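Structure file query.cif (mmCIF, C-alpha atoms) follows.
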data_final
loop_
_atom_site.label_atom_id
_atom_site.label_comp_id
_atom_site.auth_asym_id
_atom_site.auth_seq_id
_atom_site.Cartn_x
_atom_site.Cartn_y
_atom_site.Cartn_z
CA MET X 1 -36.39 -42.64 78.64
CA ASN X 2 -34.73 -40.11 80.96
CA ILE X 3 -31.94 -37.87 79.70
CA THR X 4 -29.84 -35.71 82.01
CA CYS X 5 -26.78 -33.58 81.38
CA GLY X 6 -23.86 -32.12 83.28
CA THR X 7 -21.18 -29.55 82.47
CA ASP X 8 -18.06 -28.44 84.28
CA ILE X 9 -15.14 -26.11 83.66
CA ILE X 10 -11.99 -25.82 85.75
CA GLU X 11 -8.81 -23.80 85.76
CA VAL X 12 -5.81 -25.98 84.96
CA GLU X 13 -3.75 -24.10 87.56
CA ARG X 14 -6.06 -25.30 90.39
CA ILE X 15 -5.48 -28.95 89.52
CA LYS X 16 -1.74 -28.37 89.03
CA LYS X 17 -1.50 -26.79 92.50
CA GLY X 18 -3.44 -29.67 94.06
CA ILE X 19 -1.13 -32.23 92.49
CA GLU X 20 2.02 -30.29 93.42
CA LYS X 21 0.86 -29.76 97.01
CA LEU X 22 -0.63 -33.18 97.81
CA GLY X 23 1.08 -35.41 95.25
CA GLU X 24 0.04 -39.06 95.20
CA LYS X 25 -2.62 -38.54 97.86
CA PHE X 26 -4.47 -36.15 95.53
CA LEU X 27 -3.86 -38.26 92.44
CA ASN X 28 -5.02 -41.54 94.01
CA GLU X 29 -8.14 -39.98 95.49
CA ILE X 30 -9.28 -38.49 92.17
CA TYR X 31 -7.80 -40.62 89.38
CA THR X 32 -7.49 -44.31 88.54
CA LYS X 33 -4.15 -45.91 87.76
CA LYS X 34 -4.94 -45.91 84.02
CA GLU X 35 -5.87 -42.22 84.10
CA ILE X 36 -2.64 -41.33 85.91
CA GLU X 37 -0.58 -43.32 83.40
CA TYR X 38 -2.35 -41.61 80.50
CA CYS X 39 -1.95 -38.07 81.89
CA GLU X 40 1.67 -38.59 82.88
CA SER X 41 2.43 -39.75 79.33
CA LYS X 42 1.42 -36.29 78.06
CA ASN X 43 4.50 -34.63 79.62
CA VAL X 44 4.19 -30.85 79.06
CA THR X 45 0.37 -30.90 78.83
CA LYS X 46 -0.25 -33.44 81.60
CA TYR X 47 -2.00 -30.90 83.86
CA GLU X 48 -4.42 -30.05 81.06
CA HIS X 49 -5.28 -33.75 80.75
CA TYR X 50 -5.67 -34.17 84.51
CA SER X 51 -7.90 -31.09 84.54
CA ALA X 52 -10.04 -32.36 81.67
CA ARG X 53 -10.62 -35.63 83.51
CA PHE X 54 -11.48 -33.77 86.69
CA ALA X 55 -14.02 -31.64 84.80
CA ALA X 56 -15.39 -34.79 83.18
CA LYS X 57 -15.93 -36.46 86.55
CA GLU X 58 -17.74 -33.37 87.85
CA ALA X 59 -19.92 -33.29 84.72
CA ILE X 60 -20.68 -37.00 85.06
CA PHE X 61 -21.65 -36.59 88.69
CA LYS X 62 -24.02 -33.75 87.77
CA ALA X 63 -25.60 -35.89 85.05
CA ILE X 64 -25.97 -39.09 87.12
CA SER X 65 -26.92 -37.51 90.45
CA PRO X 66 -30.68 -37.95 89.83
CA TYR X 67 -30.05 -41.71 89.62
CA LEU X 68 -28.18 -41.92 92.95
CA LYS X 69 -29.72 -42.47 96.37
CA SER X 70 -26.99 -40.37 97.97
CA LYS X 71 -24.25 -38.13 96.62
CA TYR X 72 -21.82 -40.33 98.55
CA ASP X 73 -22.77 -43.40 96.49
CA VAL X 74 -20.09 -42.61 93.90
CA THR X 75 -16.44 -41.70 94.48
CA TRP X 76 -14.01 -40.02 92.11
CA VAL X 77 -12.35 -43.32 91.18
CA ASP X 78 -15.72 -44.98 90.45
CA MET X 79 -15.65 -42.84 87.30
CA GLU X 80 -12.81 -43.57 84.89
CA ILE X 81 -12.20 -41.51 81.74
CA LEU X 82 -10.29 -43.35 79.03
CA ASN X 83 -9.82 -42.87 75.29
CA ASP X 84 -10.74 -45.22 72.45
CA GLU X 85 -8.47 -46.00 69.48
CA GLN X 86 -9.46 -42.74 67.77
CA GLY X 87 -8.74 -40.71 70.91
CA ARG X 88 -12.41 -40.12 71.78
CA PRO X 89 -13.04 -40.15 75.53
CA TYR X 90 -15.39 -42.68 77.09
CA VAL X 91 -16.47 -43.50 80.63
CA ASN X 92 -16.01 -46.65 82.66
CA LEU X 93 -18.45 -46.37 85.54
CA ASN X 94 -18.65 -48.61 88.60
CA THR X 95 -22.10 -49.96 87.77
CA GLU X 96 -22.52 -51.60 91.16
CA LYS X 97 -23.23 -48.14 92.53
CA VAL X 98 -25.25 -46.76 89.61
CA LYS X 99 -28.25 -48.12 87.71
CA GLN X 100 -27.20 -50.84 85.28
CA ASN X 101 -28.79 -49.51 82.06
CA LEU X 102 -27.31 -46.04 82.29
CA GLU X 103 -25.61 -44.86 79.08
CA ILE X 104 -23.09 -42.05 79.30
CA ASP X 105 -21.58 -39.89 76.57
CA ILE X 106 -18.79 -37.48 77.43
CA SER X 107 -16.97 -34.71 75.61
CA ILE X 108 -13.89 -33.00 77.02
CA SER X 109 -11.65 -30.20 75.84
CA HIS X 110 -8.73 -28.24 77.24
CA ILE X 111 -6.38 -25.40 76.54
CA GLU X 112 -3.47 -24.04 78.53
CA ARG X 113 -5.61 -22.37 81.22
CA TYR X 114 -8.98 -24.19 81.21
CA ALA X 115 -10.55 -27.61 80.82
CA ILE X 116 -14.22 -28.24 80.15
CA ALA X 117 -16.45 -31.30 79.95
CA ASN X 118 -20.02 -32.06 78.96
CA CYS X 119 -21.87 -35.24 79.82
CA ILE X 120 -25.16 -36.73 78.68
CA ALA X 121 -26.64 -39.62 80.65
CA LYS X 122 -29.56 -41.69 79.37
CA LEU X 123 -31.59 -44.27 81.26
#
Encoding of this model in structure tokens:
Amino acid sequence: MNITCGTDIIEVERIKKGIEKLGEKFLNEIYTKKEIEYCESKNVTKYEHYSARFAAKEAIFKAISPYLKSKYDVTWVDMEILNDEQGRPYVNLNTEKVKQNLEIDISISHIERYAIANCIAKL
């Protein structure tokens, strides 16, 4: 069994500026339709939620990179961060590009200025 981890932290303001400057181009390059719908539903805190998902995708990439042939094998939208019925985040990963038996656990958190994510990947 191989276990790898990844962590990322980002300033919410950086993601907010990217969205305000590039709009849908930025959103569609980084987030899936379901992620955009979820974040937009958060109104006042939507940039915190976008930032948390961005940090999660960075953390996932760091954790799964040993299992990739090339860093270009996975795009931002190949990683989708959703929430279960209890609100706990989980990852939908395009498994055509990553090893099939890879298990991923993710934890994300955010406050007004920062978002952070931790990821554990197990093969």
Could you give me, as a list in words, the residues within 6 Å of stretch 78-80 of chain X, counting only C-alpha atoms and dropping anything in the same chain fewer than 4 positions from it?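 My reading of the contact set: Val91, Asn92, Leu93 and Asn94 of chain X.
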For the selection just defined, write its residues with C-alpha atoms to a file, as a PDB file, in the coordinates of the input.
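Written file, part_30.pdb:
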ATOM      1  CA  VAL X  91     -16.470 -43.500  80.630  1.00  0.00           C
ATOM      2  CA  ASN X  92     -16.010 -46.650  82.660  1.00  0.00           C
ATOM      3  CA  LEU X  93     -18.450 -46.370  85.540  1.00  0.00           C
ATOM      4  CA  ASN X  94     -18.650 -48.610  88.600  1.00  0.00           C
TER       5      ASN X  94
END
Pick out the closest residue to X:Asp105 from this set: X:Ile60, X:Val77, X:Leu27, X:Val12. Count all atoms listed in the file. X:Ile60
Identify all residues satisfying the PyMOL selection byres ((chain X and resi 51) around 9) in the given file; provide them as a list in words. Ile9, Ile10, Glu11, Val12, Glu13, Arg14, Ile15, Lys16, Lys46, Tyr47, Glu48, His49, Tyr50, Ala52, Arg53, Phe54, Ala55, Ala56, His110, Tyr114, Ala115 and Ile116 of chain X
Taking (-27.5, -35.7, 77.1) in the file's own coordinates, collect the residues within 6 Å, counting only C-alpha atoms, and hand them back as a PyMOL selection string. chain X and resi 3-5+120-121
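For the atom pair formed by atom CA of X:Ser65 and atom CA of X:Gly87, the distance is 26.9 Å, given to one decimal.
Separating atom CA of X:Ser41 from atom CA of X:Ile106 is a distance of 21.4 Å.
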Atomic separation - atom CA of X:Tyr38 relative to atom CA of X:Ile108, Å: 14.8 Å
Just want the 12 Å neighbourhood of X:Tyr67, counted on only C-alpha atoms, with same-chain residues fewer than 4 positions away dropped. Output as a PyMOL selection string. chain X and resi 2-4+60-63+71+73-74+95+97-103+121-123
Closest to X:Leu82 among X:Asn43, X:Ser109, X:Thr7, X:Thr32, using all atoms listed in the file?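 Of the candidates, the smallest distance to X:Leu82 is held by X:Thr32.
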Hey, what comes out of the PyMOL selection byres ((chain X and resi 29) around 12) on this file? Could you write it as a PyMOL selection string? chain X and resi 18-19+22-28+30-33+35-36+54+75-79
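Between X:Val44 and the residues X:Pro66, X:Tyr90, X:Glu112, X:Cys119, the shortest atom-to-atom distance, using all atoms listed in the file, involves X:Glu112.
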